[in-house]
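Structure below is model-v9.cif: mmCIF, C-alpha atoms.
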```
data_structure
#
loop_
_atom_site.label_atom_id
_atom_site.label_comp_id
_atom_site.auth_asym_id
_atom_site.auth_seq_id
_atom_site.Cartn_x
_atom_site.Cartn_y
_atom_site.Cartn_z
CA MET A 1 28.89 22.78 -20.11
CA ILE A 2 28.55 19.02 -20.14
CA PRO A 3 28.56 17.61 -16.59
CA SER A 4 31.03 15.01 -15.36
CA CYS A 5 29.90 11.47 -14.55
CA LYS A 6 29.73 12.41 -10.90
CA GLN A 7 27.49 15.39 -11.60
CA ALA A 8 25.45 13.31 -14.02
CA SER A 9 24.91 10.65 -11.35
CA VAL A 10 23.68 13.37 -8.98
CA LEU A 11 21.20 14.58 -11.61
CA LEU A 12 20.11 11.01 -12.36
CA SER A 13 19.48 10.43 -8.68
CA GLN A 14 17.59 13.70 -8.21
CA SER A 15 15.46 13.01 -11.27
CA GLN A 16 13.90 10.24 -9.17
CA ASP A 17 12.99 12.74 -6.45
CA ARG A 18 12.00 15.95 -8.23
CA PRO A 19 11.37 17.18 -11.76
CA LEU A 20 14.66 18.45 -13.22
CA GLY A 21 14.77 21.95 -14.67
CA LEU A 22 15.13 22.49 -18.38
CA ILE A 23 18.85 23.31 -18.24
CA GLU A 24 19.50 20.31 -16.01
CA ARG A 25 17.65 18.02 -18.40
CA LEU A 26 19.60 19.34 -21.37
CA ARG A 27 22.94 18.96 -19.59
CA LEU A 28 22.09 15.46 -18.49
CA ARG A 29 20.92 14.49 -21.94
CA ALA A 30 24.12 15.87 -23.47
CA HIS A 31 26.18 13.81 -21.05
CA LEU A 32 24.22 10.59 -21.59
CA ALA A 33 24.56 10.98 -25.34
CA ILE A 34 28.33 10.62 -25.07
CA CYS A 35 28.68 8.40 -21.98
CA GLU A 36 27.83 4.72 -22.03
CA ARG A 37 28.81 4.38 -18.36
CA CYS A 38 26.15 6.77 -17.22
CA ARG A 39 23.56 5.30 -19.57
CA ARG A 40 24.11 2.02 -17.73
CA VAL A 41 23.87 3.72 -14.36
CA SER A 42 20.67 5.43 -15.45
CA THR A 43 19.05 2.07 -16.22
CA GLN A 44 20.44 0.62 -12.99
CA PHE A 45 18.95 3.40 -10.84
CA GLY A 46 15.60 2.60 -12.41
CA PHE A 47 16.18 -1.06 -11.62
CA LEU A 48 16.96 -0.23 -7.97
CA ARG A 49 13.62 1.50 -7.59
CA THR A 50 11.76 -1.44 -9.11
CA ALA A 51 13.73 -3.90 -6.98
CA VAL A 52 12.93 -2.13 -3.69
CA ARG A 53 9.23 -2.16 -4.55
CA ARG A 54 9.28 -5.82 -5.53
CA TYR A 55 11.05 -6.59 -2.28
CA ARG A 56 8.59 -4.56 -0.26
CA ASP A 57 5.57 -6.08 -1.96
CA GLY A 58 7.01 -9.57 -1.70
CA GLU A 59 6.31 -10.49 -5.31
CA MET B 1 -21.45 0.28 3.51
CA THR B 2 -18.39 -1.94 3.39
CA PRO B 3 -18.38 -4.71 5.98
CA ALA B 4 -15.51 -4.44 8.47
CA PRO B 5 -12.59 -6.73 7.59
CA ARG B 6 -12.48 -10.02 9.46
CA PRO B 7 -9.75 -10.36 12.11
CA GLU B 8 -8.29 -13.37 10.30
CA ASP B 9 -7.96 -11.34 7.10
CA ILE B 10 -6.10 -8.67 9.03
CA GLU B 11 -3.83 -11.28 10.60
CA LYS B 12 -3.05 -12.69 7.14
CA GLU B 13 -1.24 -9.48 6.25
CA ARG B 14 1.19 -9.85 9.14
CA SER B 15 4.11 -11.24 7.14
CA TYR B 16 3.75 -8.54 4.48
CA LEU B 17 3.68 -5.83 7.14
CA LEU B 18 6.66 -7.31 8.91
CA ARG B 19 8.74 -7.30 5.74
CA TYR B 20 7.72 -3.72 5.15
CA ALA B 21 8.64 -2.69 8.70
CA LEU B 22 11.95 -4.55 8.61
CA LEU B 23 13.00 -2.63 5.53
CA GLN B 24 12.77 0.56 7.48
CA LEU B 25 13.56 -0.23 11.04
CA ARG B 26 16.40 -2.72 10.63
CA SER B 27 15.85 -3.94 14.13
CA PRO B 28 13.66 -7.05 14.12
CA ALA B 29 12.40 -6.28 17.63
CA GLN B 30 11.32 -2.78 16.68
CA ALA B 31 9.70 -4.07 13.49
CA GLU B 32 7.77 -6.72 15.42
CA ASP B 33 6.54 -4.06 17.84
CA ALA B 34 5.43 -1.73 15.07
CA VAL B 35 3.54 -4.54 13.32
CA GLN B 36 1.96 -5.68 16.57
CA GLU B 37 0.76 -2.16 17.31
CA THR B 38 -0.57 -1.86 13.77
CA LEU B 39 -2.54 -5.09 13.96
CA LEU B 40 -4.01 -4.09 17.31
CA ALA B 41 -4.97 -0.65 16.06
CA ALA B 42 -6.52 -2.23 12.96
CA LEU B 43 -8.51 -4.74 14.98
CA GLU B 44 -9.79 -2.06 17.29
CA GLY B 45 -10.59 0.32 14.47
CA ARG B 46 -11.75 -2.14 11.84
CA GLU B 47 -15.14 -0.45 11.59
CA ARG B 48 -13.32 2.56 10.18
CA PHE B 49 -12.03 0.63 7.14
CA SER B 50 -13.88 2.32 4.30
CA GLY B 51 -13.12 -0.22 1.59
CA LYS B 52 -12.00 2.58 -0.74
CA SER B 53 -8.53 1.07 -0.81
CA SER B 54 -7.45 -2.53 -0.32
CA LEU B 55 -7.07 -3.92 3.17
CA ARG B 56 -3.32 -4.12 2.65
CA THR B 57 -3.11 -0.45 1.69
CA TRP B 58 -5.16 0.51 4.70
CA LEU B 59 -2.95 -1.52 7.05
CA THR B 60 0.21 -0.16 5.45
CA GLY B 61 -1.09 3.34 6.08
CA ILE B 62 -1.41 2.57 9.79
CA LEU B 63 2.00 0.89 9.84
CA LYS B 64 3.64 3.94 8.28
CA HIS B 65 2.58 6.03 11.25
CA LYS B 66 3.88 3.44 13.70
CA VAL B 67 7.18 3.29 11.83
CA ILE B 68 7.51 7.06 11.81
CA ASP B 69 6.87 7.14 15.57
CA CYS B 70 9.59 4.59 15.98
CA LEU B 71 12.03 6.44 13.71
CA ARG B 72 11.31 9.57 15.71
CA ARG B 73 12.14 7.86 18.95
CA SER B 74 15.37 6.37 17.60
CA GLY B 75 16.20 9.66 15.87
CA ARG B 76 16.22 11.34 19.24
CA GLU B 77 18.61 8.79 20.62
CA GLN B 78 20.84 9.02 17.57
CA PRO B 79 21.32 12.57 16.25
CA LEU B 80 21.09 12.75 12.49
CA THR B 81 23.80 15.24 11.70
CA GLY B 82 27.35 16.10 12.49
CA ASN B 83 28.96 12.73 13.12
CA ASP B 84 32.16 11.23 11.78
CA ASP B 85 30.25 8.68 9.74
CA ASP B 86 29.18 11.45 7.46
CA ARG B 87 32.76 12.16 6.48
CA SER B 88 33.68 8.56 5.82
CA GLU B 89 30.49 8.00 3.87
CA ALA B 90 31.18 11.00 1.66
CA ASP B 91 34.71 9.69 1.13
CA ALA B 92 33.38 6.28 0.13
CA VAL B 93 31.24 7.88 -2.57
CA ASP B 94 34.08 10.14 -3.71
CA ALA B 95 36.27 7.07 -4.08
CA LEU B 96 33.98 5.78 -6.82
CA PHE B 97 34.96 8.71 -9.02
CA ALA B 98 38.33 9.79 -10.42
CA GLU B 99 39.69 13.32 -9.89
CA ASP B 100 38.04 14.52 -13.08
CA GLY B 101 34.64 13.20 -11.99
CA HIS B 102 34.62 10.10 -14.21
CA TRP B 103 33.65 6.70 -12.87
CA ARG B 104 36.81 5.05 -11.66
CA GLU B 105 35.53 1.64 -12.70
CA MET B 106 33.44 1.09 -15.77
CA PRO B 107 29.92 0.27 -14.49
CA ALA B 108 29.17 -3.25 -15.68
CA ASP B 109 26.47 -4.12 -18.14
CA TRP B 110 23.80 -5.81 -15.99
CA GLY B 111 22.13 -7.38 -19.00
CA ASN B 112 18.50 -7.99 -18.21
CA PRO B 113 18.60 -7.39 -14.44
CA ALA B 114 14.88 -8.07 -13.92
CA GLY B 115 15.70 -11.74 -14.51
CA ALA B 116 17.28 -11.72 -11.04
CA PHE B 117 13.87 -11.17 -9.43
CA GLU B 118 13.10 -14.85 -9.92
CA ASN B 119 16.22 -15.90 -8.03
CA SER B 120 15.92 -16.07 -4.25
CA ARG B 121 19.70 -15.76 -3.90
CA PHE B 122 19.45 -12.37 -5.55
CA TRP B 123 17.10 -11.19 -2.81
CA THR B 124 19.56 -12.32 -0.16
CA ALA B 125 22.28 -10.29 -1.85
CA PHE B 126 19.91 -7.36 -2.13
CA GLU B 127 19.04 -7.51 1.56
CA LEU B 128 22.70 -7.60 2.54
CA CYS B 129 23.41 -4.55 0.41
CA LEU B 130 20.54 -2.66 2.01
CA GLN B 131 21.78 -3.61 5.46
CA ARG B 132 25.26 -2.37 4.66
CA LEU B 133 24.03 1.17 4.07
CA PRO B 134 24.89 3.45 6.98
CA ALA B 135 21.86 3.85 9.25
CA ARG B 136 21.08 7.45 8.43
CA THR B 137 21.39 6.94 4.67
CA ALA B 138 19.27 3.80 4.86
CA LYS B 139 16.61 5.67 6.81
CA VAL B 140 16.26 8.42 4.21
CA PHE B 141 16.39 5.92 1.34
CA THR B 142 13.66 3.71 2.76
CA MET B 143 11.45 6.66 3.63
CA ARG B 144 11.72 7.70 0.01
CA GLU B 145 11.56 4.34 -1.77
CA VAL B 146 9.57 2.13 0.55
CA MET B 147 7.20 4.60 2.12
CA ASP B 148 6.90 6.75 -1.02
CA MET B 149 7.45 9.91 0.99
CA THR B 150 8.45 13.04 -0.92
CA THR B 151 11.79 14.65 -0.14
CA ASP B 152 9.88 17.56 1.44
CA GLU B 153 8.13 15.19 3.80
CA ILE B 154 11.39 13.46 4.67
CA CYS B 155 13.15 16.76 5.35
CA GLN B 156 10.38 17.88 7.60
CA GLU B 157 10.28 14.59 9.43
CA LEU B 158 14.02 14.40 10.05
CA ALA B 159 14.65 18.14 10.25
CA ILE B 160 17.31 18.09 7.53
CA THR B 161 17.69 20.35 4.49
CA THR B 162 16.48 19.36 1.03
CA THR B 163 20.05 19.46 -0.23
CA ASN B 164 21.15 17.13 2.54
CA CYS B 165 18.31 14.80 1.67
CA TRP B 166 19.33 14.66 -2.00
CA VAL B 167 22.93 14.05 -1.03
CA LEU B 168 21.91 11.10 1.13
CA LEU B 169 19.64 9.65 -1.54
CA HIS B 170 22.41 9.93 -4.11
CA ARG B 171 24.81 8.19 -1.73
CA ALA B 172 22.31 5.44 -1.09
CA ARG B 173 21.78 4.80 -4.79
CA VAL B 174 25.41 4.81 -5.89
CA THR B 175 26.38 2.69 -2.89
CA LEU B 176 23.63 0.15 -3.51
CA ARG B 177 24.46 0.07 -7.19
CA GLU B 178 28.09 -0.60 -6.38
CA CYS B 179 27.24 -3.26 -3.81
CA LEU B 180 24.87 -5.14 -6.14
CA GLU B 181 27.41 -4.99 -8.90
CA MET B 182 30.10 -6.46 -6.67
CA THR B 183 27.98 -9.10 -5.01
CA TRP B 184 25.63 -10.08 -7.79
CA PHE B 185 25.98 -8.68 -11.28
CA ASP B 186 29.73 -8.91 -11.59
CA GLY B 187 30.58 -12.06 -13.52
CA GLN B 188 26.93 -13.14 -13.64
CA GLN B 189 26.56 -11.97 -17.17
CA PRO B 190 27.59 -14.15 -20.10
#
```
Take the structure from the file and write it as structure tokens.
Amino acid sequence: MIPSCKQASVLLSQSQDRPLGLIERLRLRAHLAICERCRRVSTQFGFLRTAVRRYRDGE
Amino acid sequence: MTPAPRPEDIEKERSYLLRYALLQLRSPAQAEDAVQETLLAALEGRERFSGKSSLRTWLTGILKHKVIDCLRRSGREQPLTGNDDDRSEADAVDALFAEDGHWREMPADWGNPAGAFENSRFWTAFELCLQRLPARTAKVFTMREVMDMTTDEICQELAITTTNCWVLLHRARVTLRECLEMTWFDGQQP
């Protein structure tokens, strides 16, 4: 079953904290393939992580 | 044998350490105290600096412990679970999604967001968004992202479940994303 955007955002978030299982990765990939919204959010979560580190390190 | 760092070199890291502490403690007075304690501990123990890592890394390691002590103390004053804020926070996240679990609003295209790093006004917006996170969510988020703690370490430290930790991190990220979009990226793009 392909997850909803809400479920996909949960998986995207958790992928920054733990390795996702195989099924989770496949479900997430299936969702991202059809959902531009979540592809954007995926990039933006990555950006948030970079931004916090830049802020912390004062670069 | 690495020579002990000079006191003035330690002092030079003060502003970096303060920024680091502020990200996590949110109270300037507490952050100042943690940094002060760190600098004192570093000065007293500067013979122990092995030179294996940079001075900044070594100092940050000391600061982390001071910050955790401080979080512990404030955690006791402010219980981490079972308050009304939790409900309203969960509602705020739910509100971002429609009944069927789709994003209610189309997330904007942020273009090349890294360009914002060069703009000091972006950092002001970023700070404000961080400050708007509810205290408990902000605490977990900064432990994870600023202090590079694993979720296991965070759960142990705050005595919360792993699931709870993931829920809070998810809230923090979607809330920050939303805030940055509203205050910065919306309408910034050509």
Give the residues of chain A that lie within 10 Å of chain B; count only C-alpha atoms, and format the answer as an mmCIF file with C-alpha atoms, in the coordinates of the input.
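As written to disk, part_27.cif reads:
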```cif
data_model
loop_
_atom_site.group_PDB
_atom_site.id
_atom_site.type_symbol
_atom_site.label_atom_id
_atom_site.label_comp_id
_atom_site.auth_asym_id
_atom_site.auth_seq_id
_atom_site.Cartn_x
_atom_site.Cartn_y
_atom_site.Cartn_z
ATOM 1 C CA PRO A 3 28.560 17.610 -16.590
ATOM 2 C CA SER A 4 31.030 15.010 -15.360
ATOM 3 C CA CYS A 5 29.900 11.470 -14.550
ATOM 4 C CA LYS A 6 29.730 12.410 -10.900
ATOM 5 C CA GLN A 7 27.490 15.390 -11.600
ATOM 6 C CA ALA A 8 25.450 13.310 -14.020
ATOM 7 C CA SER A 9 24.910 10.650 -11.350
ATOM 8 C CA VAL A 10 23.680 13.370 -8.980
ATOM 9 C CA LEU A 11 21.200 14.580 -11.610
ATOM 10 C CA LEU A 12 20.110 11.010 -12.360
ATOM 11 C CA SER A 13 19.480 10.430 -8.680
ATOM 12 C CA GLN A 14 17.590 13.700 -8.210
ATOM 13 C CA GLN A 16 13.900 10.240 -9.170
ATOM 14 C CA ASP A 17 12.990 12.740 -6.450
ATOM 15 C CA ARG A 18 12.000 15.950 -8.230
ATOM 16 C CA CYS A 35 28.680 8.400 -21.980
ATOM 17 C CA GLU A 36 27.830 4.720 -22.030
ATOM 18 C CA ARG A 37 28.810 4.380 -18.360
ATOM 19 C CA CYS A 38 26.150 6.770 -17.220
ATOM 20 C CA ARG A 39 23.560 5.300 -19.570
ATOM 21 C CA ARG A 40 24.110 2.020 -17.730
ATOM 22 C CA VAL A 41 23.870 3.720 -14.360
ATOM 23 C CA THR A 43 19.050 2.070 -16.220
ATOM 24 C CA GLN A 44 20.440 0.620 -12.990
ATOM 25 C CA PHE A 45 18.950 3.400 -10.840
ATOM 26 C CA PHE A 47 16.180 -1.060 -11.620
ATOM 27 C CA LEU A 48 16.960 -0.230 -7.970
ATOM 28 C CA ARG A 49 13.620 1.500 -7.590
ATOM 29 C CA THR A 50 11.760 -1.440 -9.110
ATOM 30 C CA ALA A 51 13.730 -3.900 -6.980
ATOM 31 C CA VAL A 52 12.930 -2.130 -3.690
ATOM 32 C CA ARG A 53 9.230 -2.160 -4.550
ATOM 33 C CA ARG A 54 9.280 -5.820 -5.530
ATOM 34 C CA TYR A 55 11.050 -6.590 -2.280
ATOM 35 C CA ARG A 56 8.590 -4.560 -0.260
ATOM 36 C CA ASP A 57 5.570 -6.080 -1.960
ATOM 37 C CA GLY A 58 7.010 -9.570 -1.700
ATOM 38 C CA GLU A 59 6.310 -10.490 -5.310
#
```
Gap from atom CA of Asp91 of chain B to atom CA of Gly21 of chain A - Å, one decimal: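 Taking atom CA of Asp91 of chain B and atom CA of Gly21 of chain A, their separation equals 28.2 Å.
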Assuming the chain letters and numbering stay as they are in my file, what does the PyMOL selection byres ((chain B and resi 57) around 12) actually select? List them as a PDB file with C-alpha atoms, in the frame of the given file.
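Heads up, here's the output in expr_15.pdb:
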```
ATOM      1  CA  ASP A  57       5.570  -6.080  -1.960  1.00  0.00           C
TER       2      ASP A  57
ATOM      3  CA  ILE B  10      -6.100  -8.670   9.030  1.00  0.00           C
ATOM      4  CA  GLU B  13      -1.240  -9.480   6.250  1.00  0.00           C
ATOM      5  CA  TYR B  16       3.750  -8.540   4.480  1.00  0.00           C
ATOM      6  CA  LEU B  17       3.680  -5.830   7.140  1.00  0.00           C
ATOM      7  CA  TYR B  20       7.720  -3.720   5.150  1.00  0.00           C
ATOM      8  CA  ALA B  42      -6.520  -2.230  12.960  1.00  0.00           C
ATOM      9  CA  PHE B  49     -12.030   0.630   7.140  1.00  0.00           C
ATOM     10  CA  SER B  50     -13.880   2.320   4.300  1.00  0.00           C
ATOM     11  CA  GLY B  51     -13.120  -0.220   1.590  1.00  0.00           C
ATOM     12  CA  LYS B  52     -12.000   2.580  -0.740  1.00  0.00           C
ATOM     13  CA  SER B  53      -8.530   1.070  -0.810  1.00  0.00           C
ATOM     14  CA  SER B  54      -7.450  -2.530  -0.320  1.00  0.00           C
ATOM     15  CA  LEU B  55      -7.070  -3.920   3.170  1.00  0.00           C
ATOM     16  CA  ARG B  56      -3.320  -4.120   2.650  1.00  0.00           C
ATOM     17  CA  TRP B  58      -5.160   0.510   4.700  1.00  0.00           C
ATOM     18  CA  LEU B  59      -2.950  -1.520   7.050  1.00  0.00           C
ATOM     19  CA  THR B  60       0.210  -0.160   5.450  1.00  0.00           C
ATOM     20  CA  GLY B  61      -1.090   3.340   6.080  1.00  0.00           C
ATOM     21  CA  ILE B  62      -1.410   2.570   9.790  1.00  0.00           C
ATOM     22  CA  LEU B  63       2.000   0.890   9.840  1.00  0.00           C
ATOM     23  CA  LYS B  64       3.640   3.940   8.280  1.00  0.00           C
ATOM     24  CA  MET B 147       7.200   4.600   2.120  1.00  0.00           C
TER      25      MET B 147
END
```
B:Leu133, B:Ala4, B:Ala95, B:Cys70 ranked by distance to Glu32 of chain B, top pick (using only C-alpha atoms):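 Answer, going by the shortest atom-to-atom distance: B:Cys70.
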Residues returned when the PyMOL selection byres ((chain B and resi 43) around 10) runs on this file, as a PyMOL selection string: chain B and resi 4-8+10-11+37-42+44-48
Restrict the selected residues to C-alpha atoms and save them as a short mmCIF file (atom, residue, chain, number, x, y, z; two decimals), keeping the file's coordinate frame.
```
data_model
loop_
_atom_site.label_atom_id
_atom_site.label_comp_id
_atom_site.auth_asym_id
_atom_site.auth_seq_id
_atom_site.Cartn_x
_atom_site.Cartn_y
_atom_site.Cartn_z
CA ALA B 4 -15.51 -4.44 8.47
CA PRO B 5 -12.59 -6.73 7.59
CA ARG B 6 -12.48 -10.02 9.46
CA PRO B 7 -9.75 -10.36 12.11
CA GLU B 8 -8.29 -13.37 10.30
CA ILE B 10 -6.10 -8.67 9.03
CA GLU B 11 -3.83 -11.28 10.60
CA GLU B 37 0.76 -2.16 17.31
CA THR B 38 -0.57 -1.86 13.77
CA LEU B 39 -2.54 -5.09 13.96
CA LEU B 40 -4.01 -4.09 17.31
CA ALA B 41 -4.97 -0.65 16.06
CA ALA B 42 -6.52 -2.23 12.96
CA GLU B 44 -9.79 -2.06 17.29
CA GLY B 45 -10.59 0.32 14.47
CA ARG B 46 -11.75 -2.14 11.84
CA GLU B 47 -15.14 -0.45 11.59
CA ARG B 48 -13.32 2.56 10.18
#
```
Between atom CA of Lys66 of chain B and atom CA of Gln24 of chain B, distance in Å (one decimal): 11.2 Å
Point-to-point distance from atom CA of Asp33 of chain B to atom CA of His65 of chain B, Å rounded to tenths: 12.7 Å
Residue neighbourhood Cys179 of chain B, 9 Å, all atoms listed in the file, exclusion window fewer than 4 positions, as a PyMOL selection string: chain B and resi 125-126+128-130+132+174-175+183-184
Would you fill the gaps in segment 27-42 of chain A so it has N, CA and C atoms, then print it as an mmCIF file, keeping the file's coordinate frame?
```
data_model
loop_
_atom_site.group_PDB
_atom_site.id
_atom_site.type_symbol
_atom_site.label_atom_id
_atom_site.label_comp_id
_atom_site.auth_asym_id
_atom_site.auth_seq_id
_atom_site.Cartn_x
_atom_site.Cartn_y
_atom_site.Cartn_z
ATOM 1 N N ARG A 27 21.563 19.325 -19.940
ATOM 2 C CA ARG A 27 22.940 18.960 -19.590
ATOM 3 C C ARG A 27 23.051 17.453 -19.402
ATOM 4 N N LEU A 28 22.064 16.899 -18.723
ATOM 5 C CA LEU A 28 22.090 15.460 -18.490
ATOM 6 C C LEU A 28 21.991 14.697 -19.807
ATOM 7 N N ARG A 29 21.103 15.163 -20.656
ATOM 8 C CA ARG A 29 20.920 14.490 -21.940
ATOM 9 C C ARG A 29 22.220 14.539 -22.763
ATOM 10 N N ALA A 30 22.871 15.712 -22.723
ATOM 11 C CA ALA A 30 24.120 15.870 -23.470
ATOM 12 C C ALA A 30 25.173 14.895 -22.940
ATOM 13 N N HIS A 31 25.198 14.729 -21.631
ATOM 14 C CA HIS A 31 26.180 13.810 -21.050
ATOM 15 C C HIS A 31 25.859 12.361 -21.440
ATOM 16 N N LEU A 32 24.605 11.979 -21.299
ATOM 17 C CA LEU A 32 24.220 10.590 -21.590
ATOM 18 C C LEU A 32 24.487 10.230 -23.048
ATOM 19 N N ALA A 33 24.352 11.247 -23.906
ATOM 20 C CA ALA A 33 24.560 10.980 -25.340
ATOM 21 C C ALA A 33 25.988 10.512 -25.615
ATOM 22 N N ILE A 34 26.930 10.973 -24.790
ATOM 23 C CA ILE A 34 28.330 10.620 -25.070
ATOM 24 C C ILE A 34 28.890 9.615 -24.054
ATOM 25 N N CYS A 35 28.089 9.208 -23.058
ATOM 26 C CA CYS A 35 28.680 8.400 -21.980
ATOM 27 C C CYS A 35 27.903 7.109 -21.747
ATOM 28 N N GLU A 36 28.496 6.000 -22.195
ATOM 29 C CA GLU A 36 27.830 4.720 -22.030
ATOM 30 C C GLU A 36 27.759 4.339 -20.545
ATOM 31 N N ARG A 37 28.788 4.713 -19.793
ATOM 32 C CA ARG A 37 28.810 4.380 -18.360
ATOM 33 C C ARG A 37 27.567 4.904 -17.671
ATOM 34 N N CYS A 38 27.285 6.159 -17.916
ATOM 35 C CA CYS A 38 26.150 6.770 -17.220
ATOM 36 C C CYS A 38 24.811 6.287 -17.780
ATOM 37 N N ARG A 39 24.810 5.879 -19.055
ATOM 38 C CA ARG A 39 23.560 5.300 -19.570
ATOM 39 C C ARG A 39 23.263 4.008 -18.809
ATOM 40 N N ARG A 40 24.309 3.236 -18.528
ATOM 41 C CA ARG A 40 24.110 2.020 -17.730
ATOM 42 C C ARG A 40 23.608 2.360 -16.343
ATOM 43 N N VAL A 41 24.260 3.350 -15.733
ATOM 44 C CA VAL A 41 23.870 3.720 -14.360
ATOM 45 C C VAL A 41 22.423 4.216 -14.333
ATOM 46 N N SER A 42 22.037 4.932 -15.368
ATOM 47 C CA SER A 42 20.670 5.430 -15.450
ATOM 48 C C SER A 42 19.670 4.266 -15.409
#
```
